[in-house]
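Structure file coords-v2.tsv (TSV, C-alpha atoms and all ligand atoms) is printed below.
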chain	number	residue	atom	x	y	z
A	1	MET	CA	10.85	-36.25	-12.59
A	2	MET	CA	9.27	-37.45	-9.35
A	3	LYS	CA	10.80	-39.65	-6.70
A	4	LEU	CA	9.38	-41.23	-3.56
A	5	THR	CA	11.48	-42.49	-0.64
A	6	PRO	CA	11.59	-46.30	-0.35
A	7	GLU	CA	10.04	-45.96	3.14
A	8	LEU	CA	7.08	-44.08	1.71
A	9	THR	CA	6.63	-46.42	-1.27
A	10	THR	CA	6.40	-49.32	1.17
A	11	ALA	CA	3.98	-47.46	3.45
A	12	LEU	CA	1.70	-46.57	0.53
A	13	THR	CA	1.68	-50.05	-1.01
A	14	GLN	CA	0.91	-51.58	2.40
A	15	ASP	CA	-1.84	-49.01	3.12
A	16	ARG	CA	0.00	-47.79	6.19
A	17	PRO	CA	-0.64	-44.24	7.52
A	18	THR	CA	1.25	-41.37	5.88
A	19	VAL	CA	1.41	-37.62	6.56
A	20	ALA	CA	2.52	-34.97	4.04
A	21	LEU	CA	4.65	-32.02	5.20
A	22	GLU	CA	5.50	-28.82	3.34
A	23	SER	CA	8.96	-27.28	3.09
A	24	THR	CA	8.24	-23.54	2.71
A	25	LEU	CA	7.72	-23.45	6.47
A	26	ILE	CA	11.26	-24.87	6.82
A	27	CYS	CA	13.01	-22.85	4.08
A	28	HIS	CA	11.20	-19.51	4.34
A	29	GLY	CA	9.18	-19.51	7.56
A	30	ILE	CA	11.66	-20.39	10.34
A	31	PRO	CA	15.21	-18.98	10.64
A	32	LYS	CA	18.36	-21.12	10.44
A	33	PRO	CA	19.44	-23.27	12.23
A	34	GLU	CA	16.16	-23.90	14.10
A	35	ASN	CA	14.46	-24.73	10.80
A	36	ALA	CA	16.41	-27.99	10.46
A	37	ASP	CA	15.50	-28.96	14.04
A	38	LEU	CA	11.84	-28.31	13.30
A	39	ALA	CA	11.92	-30.39	10.10
A	40	ARG	CA	13.39	-33.32	12.03
A	41	GLN	CA	11.04	-32.86	14.99
A	42	MET	CA	7.93	-32.91	12.81
A	43	GLU	CA	9.06	-36.05	11.01
A	44	SER	CA	10.03	-37.80	14.23
A	45	GLN	CA	6.68	-37.00	15.92
A	46	ILE	CA	4.90	-38.53	12.92
A	47	ARG	CA	6.99	-41.70	13.22
A	48	ILE	CA	6.37	-41.90	16.98
A	49	GLU	CA	2.64	-41.98	16.21
A	50	GLY	CA	3.22	-44.86	13.79
A	51	ALA	CA	2.87	-42.97	10.50
A	52	CYS	CA	5.32	-42.30	7.67
A	53	PRO	CA	6.29	-38.65	6.96
A	54	ALA	CA	6.40	-37.32	3.40
A	55	THR	CA	8.14	-33.95	3.33
A	56	MET	CA	7.77	-32.49	-0.17
A	57	ALA	CA	10.37	-30.43	-2.05
A	58	VAL	CA	12.13	-30.06	-5.39
A	59	VAL	CA	15.75	-31.23	-5.23
A	60	ASP	CA	17.96	-30.59	-8.26
A	61	GLY	CA	14.87	-30.44	-10.44
A	62	THR	CA	13.26	-33.65	-9.16
A	63	VAL	CA	9.99	-33.47	-7.25
A	64	ARG	CA	10.60	-35.36	-4.04
A	65	ILE	CA	7.80	-37.03	-2.11
A	66	GLY	CA	9.59	-37.71	1.15
A	67	LEU	CA	13.20	-36.72	1.78
A	68	GLU	CA	16.23	-38.46	3.23
A	69	ALA	CA	17.69	-36.85	6.37
A	70	GLU	CA	20.71	-35.42	4.49
A	71	GLU	CA	18.46	-33.83	1.88
A	72	LEU	CA	16.28	-32.25	4.53
A	73	GLN	CA	19.43	-30.79	6.11
A	74	ARG	CA	20.66	-29.52	2.74
A	75	LEU	CA	17.36	-27.74	2.06
A	76	ALA	CA	17.30	-26.22	5.54
A	77	GLU	CA	20.82	-24.81	5.06
A	78	ALA	CA	20.48	-23.66	1.42
A	79	ASP	CA	20.01	-20.00	0.49
A	80	ASP	CA	18.77	-20.55	-3.06
A	81	VAL	CA	15.49	-22.37	-2.49
A	82	ALA	CA	12.56	-21.09	-4.55
A	83	LYS	CA	9.18	-20.81	-2.82
A	84	CYS	CA	6.95	-23.02	-4.98
A	85	THR	CA	3.23	-22.86	-5.02
A	86	THR	CA	1.73	-25.38	-7.47
A	87	ARG	CA	2.19	-23.21	-10.56
A	88	ASP	CA	5.90	-22.63	-9.83
A	89	LEU	CA	6.81	-26.33	-9.86
A	90	PRO	CA	7.40	-26.79	-13.63
A	91	MET	CA	9.88	-23.88	-13.84
A	92	VAL	CA	11.94	-25.01	-10.87
A	93	MET	CA	11.92	-28.61	-12.15
A	94	ALA	CA	13.09	-27.54	-15.61
A	95	ASN	CA	15.83	-25.32	-14.14
A	96	GLY	CA	17.15	-28.20	-12.05
A	97	GLY	CA	16.93	-26.07	-8.92
A	98	LEU	CA	15.88	-26.39	-5.30
A	99	GLY	CA	12.26	-25.64	-4.42
A	100	ALA	CA	10.23	-25.52	-1.21
A	101	THR	CA	6.56	-26.48	-1.43
A	102	THR	CA	3.76	-24.39	0.05
A	103	VAL	CA	0.56	-25.87	1.47
A	104	ALA	CA	-0.93	-25.60	-2.04
A	105	SER	CA	1.76	-27.57	-3.88
A	106	THR	CA	2.09	-30.02	-0.99
A	107	ILE	CA	-1.58	-31.02	-1.00
A	108	TYR	CA	-1.59	-31.20	-4.79
A	109	LEU	CA	1.33	-33.67	-4.70
A	110	ALA	CA	-0.12	-35.51	-1.70
A	111	ALA	CA	-3.45	-36.07	-3.46
A	112	GLN	CA	-1.64	-37.32	-6.57
A	113	HIS	CA	0.16	-39.95	-4.50
A	114	GLY	CA	-2.68	-41.08	-2.25
A	115	ILE	CA	-1.53	-39.26	0.89
A	116	GLY	CA	-4.67	-38.03	2.65
A	117	VAL	CA	-3.41	-35.90	5.56
A	118	MET	CA	-0.96	-33.00	5.84
A	119	ALA	CA	0.28	-30.79	8.67
A	120	THR	CA	1.53	-27.21	8.69
A	121	GLY	CA	1.70	-24.18	10.97
A	122	GLY	CA	-0.73	-21.67	9.55
A	123	LEU	CA	-2.70	-21.68	6.30
A	124	GLY	CA	-2.34	-18.98	3.63
A	125	GLY	CA	-5.39	-16.87	2.79
A	126	VAL	CA	-6.64	-13.41	1.88
A	127	HIS	CA	-4.02	-10.78	2.71
A	128	ILE	CA	-5.02	-7.59	4.50
A	129	GLY	CA	-6.14	-5.27	1.70
A	130	GLY	CA	-6.70	-8.31	-0.52
A	131	GLU	CA	-10.00	-6.89	-1.71
A	132	GLN	CA	-7.86	-4.30	-3.56
A	133	SER	CA	-4.64	-6.18	-4.28
A	134	PHE	CA	-6.26	-9.56	-5.05
A	135	ASP	CA	-3.42	-11.14	-3.03
A	136	ILE	CA	-5.14	-14.37	-2.05
A	137	SER	CA	-2.98	-17.42	-1.34
A	138	ALA	CA	-3.22	-20.27	-3.84
A	139	ASP	CA	-3.59	-22.47	-0.71
A	140	LEU	CA	-7.32	-21.70	-0.82
A	141	GLN	CA	-7.87	-22.62	-4.48
A	142	GLU	CA	-5.81	-25.75	-4.10
A	143	LEU	CA	-7.92	-26.85	-1.12
A	144	GLN	CA	-10.91	-26.74	-3.44
A	145	ARG	CA	-9.43	-29.38	-5.77
A	146	SER	CA	-7.13	-31.53	-3.61
A	147	ALA	CA	-8.90	-33.95	-1.28
A	148	VAL	CA	-6.45	-33.77	1.61
A	149	THR	CA	-7.13	-33.08	5.30
A	150	VAL	CA	-4.94	-30.13	6.35
A	151	VAL	CA	-4.14	-29.79	10.06
A	152	CYS	CA	-3.10	-26.25	11.05
A	153	ALA	CA	-3.42	-23.61	13.78
A	154	GLY	CA	-5.85	-21.67	11.60
A	155	ILE	CA	-5.14	-18.99	9.04
A	156	LYS	CA	-1.85	-17.10	9.50
A	157	SER	CA	-2.15	-14.10	11.84
A	158	ILE	CA	-0.95	-11.69	9.16
A	159	LEU	CA	-4.08	-12.34	7.07
A	160	ASP	CA	-7.65	-11.09	6.90
A	161	GLN	CA	-9.35	-13.84	8.91
A	162	ALA	CA	-12.96	-12.95	8.08
A	163	ARG	CA	-12.43	-12.61	4.32
A	164	THR	CA	-10.42	-15.84	4.23
A	165	MET	CA	-13.33	-17.63	5.92
A	166	GLU	CA	-15.71	-16.20	3.31
A	167	VAL	CA	-13.53	-17.51	0.48
A	168	LEU	CA	-13.28	-20.95	2.10
A	169	GLU	CA	-17.05	-21.01	2.35
A	170	SER	CA	-17.43	-20.01	-1.32
A	171	LEU	CA	-14.97	-22.73	-2.33
A	172	GLY	CA	-16.94	-25.28	-0.30
A	173	VAL	CA	-14.06	-26.31	1.96
A	174	PRO	CA	-15.26	-27.72	5.30
A	175	ILE	CA	-13.56	-26.42	8.45
A	176	VAL	CA	-13.70	-28.04	11.86
A	177	GLY	CA	-12.11	-26.95	15.13
A	178	TYR	CA	-10.35	-29.56	17.25
A	179	ARG	CA	-10.71	-28.61	20.92
A	180	CYS	CA	-11.96	-25.12	19.99
A	181	THR	CA	-15.11	-23.42	18.75
A	182	GLU	CA	-13.36	-20.13	17.95
A	183	LEU	CA	-11.23	-20.04	14.81
A	184	PRO	CA	-7.59	-19.94	15.98
A	185	ALA	CA	-5.43	-17.33	14.22
A	186	PHE	CA	-1.99	-19.04	14.25
A	187	TYR	CA	-0.04	-17.13	16.97
A	188	THR	CA	-3.22	-16.57	18.97
A	189	ALA	CA	-6.30	-18.63	19.83
A	190	GLU	CA	-8.43	-15.49	19.49
A	191	SER	CA	-10.05	-14.41	16.23
A	192	GLY	CA	-13.59	-13.69	17.36
A	193	ILE	CA	-14.92	-16.01	14.63
A	194	ASP	CA	-17.12	-18.98	15.58
A	195	ILE	CA	-16.60	-22.36	13.96
A	196	PRO	CA	-18.00	-25.84	14.57
A	197	GLY	CA	-15.72	-27.82	16.87
A	198	VAL	CA	-15.25	-31.26	18.42
A	199	ASP	CA	-13.31	-32.28	21.52
A	200	ARG	CA	-12.77	-35.97	20.86
A	201	LEU	CA	-10.36	-37.40	18.31
A	202	ASP	CA	-12.87	-40.12	17.38
A	203	ASP	CA	-15.48	-37.48	16.53
A	204	LEU	CA	-12.95	-35.60	14.40
A	205	VAL	CA	-11.98	-38.77	12.54
A	206	GLN	CA	-15.65	-39.59	11.96
A	207	ILE	CA	-16.17	-36.21	10.25
A	208	ILE	CA	-13.15	-36.88	8.02
A	209	ARG	CA	-14.49	-40.36	7.17
A	210	CYS	CA	-17.85	-38.82	6.21
A	211	HIS	CA	-16.07	-36.21	4.06
A	212	LYS	CA	-14.19	-39.03	2.31
A	213	ALA	CA	-17.37	-41.05	1.85
A	214	LEU	CA	-18.92	-38.16	-0.08
A	215	ASN	CA	-16.01	-38.32	-2.51
A	216	LEU	CA	-15.87	-34.54	-2.71
A	217	PRO	CA	-13.03	-33.11	-4.79
A	218	CYS	CA	-12.00	-30.70	-2.00
A	219	GLY	CA	-9.89	-30.95	1.11
A	220	LEU	CA	-10.98	-30.46	4.72
A	221	LEU	CA	-9.42	-28.07	7.22
A	222	VAL	CA	-8.79	-29.13	10.80
A	223	VAL	CA	-7.82	-26.16	12.97
A	224	THR	CA	-6.53	-26.39	16.50
A	225	PRO	CA	-5.30	-23.62	18.84
A	226	PRO	CA	-1.58	-22.93	19.42
A	227	PRO	CA	-0.09	-24.34	22.68
A	228	GLN	CA	-1.45	-22.26	25.57
A	229	ASP	CA	1.84	-21.60	27.38
A	230	LEU	CA	3.39	-19.79	24.40
A	231	ALA	CA	0.33	-18.44	22.55
A	232	LEU	CA	-0.05	-14.66	22.28
A	233	SER	CA	-3.18	-12.71	23.11
A	234	GLY	CA	-5.29	-11.30	20.31
A	235	SER	CA	-4.10	-7.75	21.04
A	236	GLU	CA	-0.39	-8.68	21.22
A	237	THR	CA	-0.78	-10.41	17.87
A	238	ALA	CA	-2.64	-7.49	16.29
A	239	LYS	CA	0.15	-5.09	17.32
A	240	LEU	CA	2.92	-7.31	15.88
A	241	VAL	CA	0.96	-7.80	12.65
A	242	GLU	CA	0.32	-4.08	12.17
A	243	GLU	CA	4.02	-3.25	12.68
A	244	ALA	CA	5.04	-5.97	10.23
A	245	ARG	CA	2.45	-4.84	7.68
A	246	LEU	CA	3.67	-1.22	7.82
A	247	ALA	CA	7.28	-2.36	7.48
A	248	ALA	CA	6.38	-4.45	4.41
A	249	GLU	CA	4.56	-1.49	2.89
A	250	GLN	CA	7.49	0.87	3.54
A	251	SER	CA	9.98	-1.60	2.03
A	252	ASN	CA	7.64	-2.17	-0.94
A	253	ILE	CA	7.42	-5.91	-0.24
A	254	PHE	CA	4.43	-7.64	-1.79
A	255	GLY	CA	3.43	-10.90	-3.51
A	256	PRO	CA	5.08	-14.19	-2.52
A	257	ALA	CA	7.82	-12.34	-0.58
A	258	GLN	CA	5.31	-10.75	1.77
A	259	THR	CA	4.54	-13.74	4.01
A	260	PRO	CA	8.25	-14.61	4.71
A	261	PHE	CA	9.07	-10.90	5.24
A	262	MET	CA	6.27	-10.39	7.76
A	263	LEU	CA	7.05	-13.61	9.65
A	264	ARG	CA	10.70	-12.48	9.96
A	265	HIS	CA	9.66	-9.04	11.11
A	266	MET	CA	7.39	-10.47	13.82
A	267	ALA	CA	10.12	-12.89	14.92
A	268	SER	CA	12.57	-10.07	15.58
A	269	ALA	CA	9.97	-7.73	17.11
A	270	SER	CA	8.95	-10.48	19.54
A	271	HIS	CA	12.59	-11.40	20.33
A	272	GLY	CA	12.15	-14.86	18.88
A	273	ARG	CA	8.95	-15.74	20.72
A	274	THR	CA	6.92	-16.20	17.53
A	275	VAL	CA	9.59	-18.59	16.22
A	276	GLN	CA	9.39	-20.77	19.35
A	277	LEU	CA	5.62	-20.64	19.12
A	278	ASN	CA	5.58	-21.46	15.40
A	279	MET	CA	7.86	-24.46	16.02
A	280	GLN	CA	5.75	-25.76	18.89
A	281	LEU	CA	2.45	-25.41	17.10
A	282	ALA	CA	3.79	-26.97	13.89
A	283	THR	CA	5.10	-29.95	15.85
A	284	ALA	CA	1.79	-30.31	17.71
A	285	ASN	CA	-0.06	-30.19	14.37
A	286	ALA	CA	2.22	-32.89	12.91
A	287	THR	CA	1.43	-35.09	15.92
A	288	LEU	CA	-2.32	-34.56	15.51
A	289	ALA	CA	-2.12	-35.20	11.74
A	290	ALA	CA	-0.33	-38.50	12.41
A	291	LYS	CA	-2.95	-39.53	14.99
A	292	ILE	CA	-5.66	-38.82	12.40
A	293	ALA	CA	-3.82	-40.72	9.64
A	294	THR	CA	-3.25	-43.69	11.94
A	295	ARG	CA	-6.92	-43.91	12.90
A	296	LEU	CA	-8.09	-43.45	9.32
A	297	SER	CA	-5.97	-46.34	8.14
A	298	SER	CA	-7.14	-48.79	10.81
A	299	PRO	CA	-10.51	-50.53	10.38
A	300	ARG	CA	-13.23	-49.17	12.63
B	401	LIG	N1	2.85	-21.92	7.95
B	401	LIG	C1	3.87	-21.47	8.72
B	401	LIG	N2	4.88	-20.79	8.07
B	401	LIG	C2	4.92	-20.63	6.71
B	401	LIG	C3	3.83	-21.12	5.92
B	401	LIG	C4	2.83	-21.76	6.60
B	401	LIG	O1	3.86	-21.64	9.94
B	401	LIG	O2	5.86	-20.05	6.18
B	401	LIG	C5	3.84	-20.98	4.40
B	401	LIG	C6	3.04	-22.13	3.80
B	401	LIG	O3	3.89	-22.82	2.91
B	401	LIG	C7	1.89	-21.49	3.08
B	401	LIG	C8	2.55	-20.21	2.63
B	401	LIG	O4	1.41	-22.27	2.03
B	401	LIG	O5	3.25	-19.82	3.84
B	401	LIG	C9	1.54	-19.19	2.13
B	401	LIG	O6	2.23	-18.23	1.41
B	401	LIG	P1	1.41	-17.13	0.54
B	401	LIG	O7	0.69	-16.31	1.58
B	401	LIG	O8	2.45	-16.35	-0.20
B	401	LIG	O9	0.51	-17.90	-0.36
B	402	MN	MN	0.17	-14.17	-2.43

Encoded form using structure tokens:
Amino acid sequence: MMKLTPELTTALTQDRPTVALESTLICHGIPKPENADLARQMESQIRIEGACPATMAVVDGTVRIGLEAEELQRLAEADDVAKCTTRDLPMVMANGGLGATTVASTIYLAAQHGIGVMATGGLGGVHIGGEQSFDISADLQELQRSAVTVVCAGIKSILDQARTMEVLESLGVPIVGYRCTELPAFYTAESGIDIPGVDRLDDLVQIIRCHKALNLPCGLLVVTPPPQDLALSGSETAKLVEEARLAAEQSNIFGPAQTPFMLRHMASASHGRTVQLNMQLATANATLAAKIATRLSSPR
């Protein structure tokens, strides 16, 4: 029911660095055909840094830890890929279908297989109005019980940043900024929320080593701002988010469909700029995750 690529099996048995990647970003976050380019780019950046990528997905009912290039292409092109947070995996496996993993299911599977670092674009969290709807991404709960370092550009812009930070605090998930002391908010570096930050990779890796030494059951969040040349201002982002939120409300889109709907809406309203930005920041995060994994696996 689960299959690892030979490359990954070798890397794990030889204690070589590995980085987990999700596939919801590819199948539901970025439009075709750029999504396939992004999937390849993220994997190739990880290899350039000397680590082994492990993109997670369900293919014909089998949970895949690492994908072959043809399978990655097939998933990127397919229209019938289910968005799978951890609880959705058994159904998609039993149906023999295709499934894309979210941050939640990716870190669950990573932790099960001894992969300690993952990269994505933006983390899920408390949706705007979540205090009424209870729409809170399973990414947060899963971070509480899967000891994986997640590298991202903060919490997705479409979410309630302050409430998401409160939940992360309640769940006991550490958060550290890399080259920032303001929480980045995915498309923008501006959230107005202060976080602890470090500027040097060695200092970041030391914090992760300390987290591991404590043997806590939870993951650790590393957040880093989106690339400056493409990043949006806080006000540009707020306007795009509000338009997308109203559109979702008017079309009665909620639950798991809401995040993909709003990302698509913002992509078209920004004439593709958010897609370029999402691709660049996801690739930068994959590179940083691989640098972390490589340092963690080499003796100090
Ligand atoms: N980051 C991106 N694009 C995405 C996502 C993250 O740049 O599409 C996905 C991740 O898979 C994350 C999911 O786990 O969105 C959160 O969805 P929800 O809010 O429905 O839990
Ligand atoms: Mn949700």

Quiz item: To one decimal place, how far is CA of Val173 in chain A from CA of Leu8 in chain A in Å?
Solution: 27.6 Å

Give as a PDB file with C-alpha atoms, keeping the file's coordinate frame the residues surrounding ligand MN 402 (chain B) up to a distance of 6 Å, considering all atoms listed in the file.
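Written output follows (pocket_19.pdb):
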ATOM      1  CA  ASP A 135      -3.420 -11.140  -3.030  1.00  0.00           C
ATOM      2  CA  ILE A 136      -5.140 -14.370  -2.050  1.00  0.00           C
ATOM      3  CA  SER A 137      -2.980 -17.420  -1.340  1.00  0.00           C
ATOM      4  CA  GLY A 255       3.430 -10.900  -3.510  1.00  0.00           C
ATOM      5  CA  PRO A 256       5.080 -14.190  -2.520  1.00  0.00           C
TER       6      PRO A 256
END

Go through chain A residue by residue and, counting only C-alpha atoms and all ligand atoms, keep those with an atom at most 7 Å from ligand LIG 401 (chain B); for each kept residue give the shortest atom pair and its distance in Å to one decimal, ordered by chain and increasing number, as a tab-separated table.
residue	atom	partner	partner_atom	distance
A:Glu22	CA	B:LIG401	O3	6.2
A:Ser23	CA	B:LIG401	O3	6.8
A:Thr24	CA	B:LIG401	O3	4.4
A:Leu25	CA	B:LIG401	O2	3.9
A:His28	CA	B:LIG401	O2	5.7
A:Gly29	CA	B:LIG401	O2	3.6
A:Thr101	CA	B:LIG401	O3	6.3
A:Thr102	CA	B:LIG401	O3	3.3
A:Val103	CA	B:LIG401	O4	3.7
A:Ala104	CA	B:LIG401	O4	5.8
A:Thr120	CA	B:LIG401	N1	5.5
A:Gly121	CA	B:LIG401	O1	3.5
A:Gly122	CA	B:LIG401	N1	3.9
A:Leu123	CA	B:LIG401	C4	5.5
A:Gly124	CA	B:LIG401	C9	4.2
A:Gly125	CA	B:LIG401	O7	6.2
A:Ile136	CA	B:LIG401	O9	6.9
A:Ser137	CA	B:LIG401	O9	3.7
A:Ala138	CA	B:LIG401	O9	5.6
A:Asp139	CA	B:LIG401	O4	5.7
A:Lys156	CA	B:LIG401	N1	6.9
A:Gly255	CA	B:LIG401	O8	6.5
A:Pro256	CA	B:LIG401	O8	4.1
A:Ala257	CA	B:LIG401	O8	6.7
A:Gln258	CA	B:LIG401	O8	6.6
A:Thr259	CA	B:LIG401	O7	5.2
A:Pro260	CA	B:LIG401	O2	6.1
A:Asn278	CA	B:LIG401	O1	5.7
A:Ala282	CA	B:LIG401	O1	6.6

Please produce a file of the residues just selected, as an mmCIF file, keeping the file's coordinate frame, where the atoms kept are C-alpha atoms.
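Everything below was put into again_12.cif:
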data_model
loop_
_atom_site.group_PDB
_atom_site.id
_atom_site.type_symbol
_atom_site.label_atom_id
_atom_site.label_comp_id
_atom_site.auth_asym_id
_atom_site.auth_seq_id
_atom_site.Cartn_x
_atom_site.Cartn_y
_atom_site.Cartn_z
ATOM 1 C CA GLU A 22 5.500 -28.820 3.340
ATOM 2 C CA SER A 23 8.960 -27.280 3.090
ATOM 3 C CA THR A 24 8.240 -23.540 2.710
ATOM 4 C CA LEU A 25 7.720 -23.450 6.470
ATOM 5 C CA HIS A 28 11.200 -19.510 4.340
ATOM 6 C CA GLY A 29 9.180 -19.510 7.560
ATOM 7 C CA THR A 101 6.560 -26.480 -1.430
ATOM 8 C CA THR A 102 3.760 -24.390 0.050
ATOM 9 C CA VAL A 103 0.560 -25.870 1.470
ATOM 10 C CA ALA A 104 -0.930 -25.600 -2.040
ATOM 11 C CA THR A 120 1.530 -27.210 8.690
ATOM 12 C CA GLY A 121 1.700 -24.180 10.970
ATOM 13 C CA GLY A 122 -0.730 -21.670 9.550
ATOM 14 C CA LEU A 123 -2.700 -21.680 6.300
ATOM 15 C CA GLY A 124 -2.340 -18.980 3.630
ATOM 16 C CA GLY A 125 -5.390 -16.870 2.790
ATOM 17 C CA ILE A 136 -5.140 -14.370 -2.050
ATOM 18 C CA SER A 137 -2.980 -17.420 -1.340
ATOM 19 C CA ALA A 138 -3.220 -20.270 -3.840
ATOM 20 C CA ASP A 139 -3.590 -22.470 -0.710
ATOM 21 C CA LYS A 156 -1.850 -17.100 9.500
ATOM 22 C CA GLY A 255 3.430 -10.900 -3.510
ATOM 23 C CA PRO A 256 5.080 -14.190 -2.520
ATOM 24 C CA ALA A 257 7.820 -12.340 -0.580
ATOM 25 C CA GLN A 258 5.310 -10.750 1.770
ATOM 26 C CA THR A 259 4.540 -13.740 4.010
ATOM 27 C CA PRO A 260 8.250 -14.610 4.710
ATOM 28 C CA ASN A 278 5.580 -21.460 15.400
ATOM 29 C CA ALA A 282 3.790 -26.970 13.890
#

Quiz prompt | Residue among A:Met1, A:Cys84, A:Met262, A:Met42 lying closest to His127 in chain A, counting all atoms listed in the file | solution = A:Met262

Quiz item: Which distance in Å separates CA of Gly177 in chain A and CA of Ile128 in chain A, to one decimal?
Solution: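 Computed distance, CA of Gly177 in chain A to CA of Ile128 in chain A, equals 23.2 Å.
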
Quiz prompt | Protein/DNA/RNA residues near (-8.7, -43.4, 15.4), cut 7 Å, all atoms listed in the file, as a list of chain:residue names | solution =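 Returned residue set, sorted by chain then number, is A:Leu201, A:Asp202, A:Val205, A:Lys291, A:Ile292, A:Thr294, A:Arg295, A:Leu296.
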
Go ahead and save the residues from that selection, with C-alpha atoms, as a short mmCIF file (atom, residue, chain, number, x, y, z; two decimals), in the frame of the given file.
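Everything below was put into part_31.cif:
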data_model
loop_
_atom_site.label_atom_id
_atom_site.label_comp_id
_atom_site.auth_asym_id
_atom_site.auth_seq_id
_atom_site.Cartn_x
_atom_site.Cartn_y
_atom_site.Cartn_z
CA LEU A 201 -10.36 -37.40 18.31
CA ASP A 202 -12.87 -40.12 17.38
CA VAL A 205 -11.98 -38.77 12.54
CA LYS A 291 -2.95 -39.53 14.99
CA ILE A 292 -5.66 -38.82 12.40
CA THR A 294 -3.25 -43.69 11.94
CA ARG A 295 -6.92 -43.91 12.90
CA LEU A 296 -8.09 -43.45 9.32
#

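Each of A:Pro299, A:Gly272, A:Pro6, A:Gly219 was compared to Gln141 in chain A using only C-alpha atoms, and A:Gly219 turns out to be the nearest.
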
Quiz item: Can you tell me how far CA of Met91 in chain A sits from CA of Gly61 in chain A, in Å to one decimal?
Solution: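 If I compute the distance from CA of Met91 in chain A to CA of Gly61 in chain A, I get 8.9 Å.
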
How would range 248-259 of chain A look with N, CA, C and O atoms restored, written as a PDB file, in the coordinates of the input?
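Written output follows (result09.pdb):
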ATOM      1  N   ALA A 248       6.433  -3.857   5.758  1.00  0.00           N
ATOM      2  CA  ALA A 248       6.380  -4.450   4.410  1.00  0.00           C
ATOM      3  C   ALA A 248       6.000  -3.368   3.383  1.00  0.00           C
ATOM      4  O   ALA A 248       6.591  -3.268   2.310  1.00  0.00           O
ATOM      5  N   GLU A 249       5.024  -2.553   3.780  1.00  0.00           N
ATOM      6  CA  GLU A 249       4.560  -1.490   2.890  1.00  0.00           C
ATOM      7  C   GLU A 249       5.698  -0.500   2.607  1.00  0.00           C
ATOM      8  O   GLU A 249       5.955  -0.139   1.460  1.00  0.00           O
ATOM      9  N   GLN A 250       6.399  -0.096   3.691  1.00  0.00           N
ATOM     10  CA  GLN A 250       7.490   0.870   3.540  1.00  0.00           C
ATOM     11  C   GLN A 250       8.626   0.315   2.694  1.00  0.00           C
ATOM     12  O   GLN A 250       9.281   1.048   1.967  1.00  0.00           O
ATOM     13  N   SER A 251       8.888  -0.992   2.807  1.00  0.00           N
ATOM     14  CA  SER A 251       9.980  -1.600   2.030  1.00  0.00           C
ATOM     15  C   SER A 251       9.493  -2.076   0.666  1.00  0.00           C
ATOM     16  O   SER A 251      10.241  -2.739  -0.053  1.00  0.00           O
ATOM     17  N   ASN A 252       8.216  -1.784   0.359  1.00  0.00           N
ATOM     18  CA  ASN A 252       7.640  -2.170  -0.940  1.00  0.00           C
ATOM     19  C   ASN A 252       7.727  -3.687  -1.184  1.00  0.00           C
ATOM     20  O   ASN A 252       8.068  -4.141  -2.267  1.00  0.00           O
ATOM     21  N   ILE A 253       7.412  -4.447  -0.140  1.00  0.00           N
ATOM     22  CA  ILE A 253       7.420  -5.910  -0.240  1.00  0.00           C
ATOM     23  C   ILE A 253       5.991  -6.382  -0.461  1.00  0.00           C
ATOM     24  O   ILE A 253       5.112  -6.078   0.345  1.00  0.00           O
ATOM     25  N   PHE A 254       5.767  -7.102  -1.543  1.00  0.00           N
ATOM     26  CA  PHE A 254       4.430  -7.640  -1.790  1.00  0.00           C
ATOM     27  C   PHE A 254       4.553  -8.974  -2.512  1.00  0.00           C
ATOM     28  O   PHE A 254       5.657  -9.440  -2.798  1.00  0.00           O
ATOM     29  N   GLY A 255       3.412  -9.614  -2.806  1.00  0.00           N
ATOM     30  CA  GLY A 255       3.430 -10.900  -3.510  1.00  0.00           C
ATOM     31  C   GLY A 255       3.995 -12.004  -2.632  1.00  0.00           C
ATOM     32  O   GLY A 255       3.910 -11.922  -1.407  1.00  0.00           O
ATOM     33  N   PRO A 256       4.602 -13.027  -3.273  1.00  0.00           N
ATOM     34  CA  PRO A 256       5.080 -14.190  -2.520  1.00  0.00           C
ATOM     35  C   PRO A 256       6.106 -13.846  -1.428  1.00  0.00           C
ATOM     36  O   PRO A 256       6.281 -14.588  -0.465  1.00  0.00           O
ATOM     37  N   ALA A 257       6.802 -12.713  -1.576  1.00  0.00           N
ATOM     38  CA  ALA A 257       7.820 -12.340  -0.580  1.00  0.00           C
ATOM     39  C   ALA A 257       7.202 -11.797   0.706  1.00  0.00           C
ATOM     40  O   ALA A 257       7.866 -11.704   1.737  1.00  0.00           O
ATOM     41  N   GLN A 258       5.919 -11.444   0.636  1.00  0.00           N
ATOM     42  CA  GLN A 258       5.310 -10.750   1.770  1.00  0.00           C
ATOM     43  C   GLN A 258       5.186 -11.627   3.029  1.00  0.00           C
ATOM     44  O   GLN A 258       5.527 -11.191   4.129  1.00  0.00           O
ATOM     45  N   THR A 259       4.704 -12.862   2.843  1.00  0.00           N
ATOM     46  CA  THR A 259       4.540 -13.740   4.010  1.00  0.00           C
ATOM     47  C   THR A 259       5.878 -13.972   4.731  1.00  0.00           C
ATOM     48  O   THR A 259       5.976 -13.711   5.933  1.00  0.00           O
TER      49      THR A 259
END
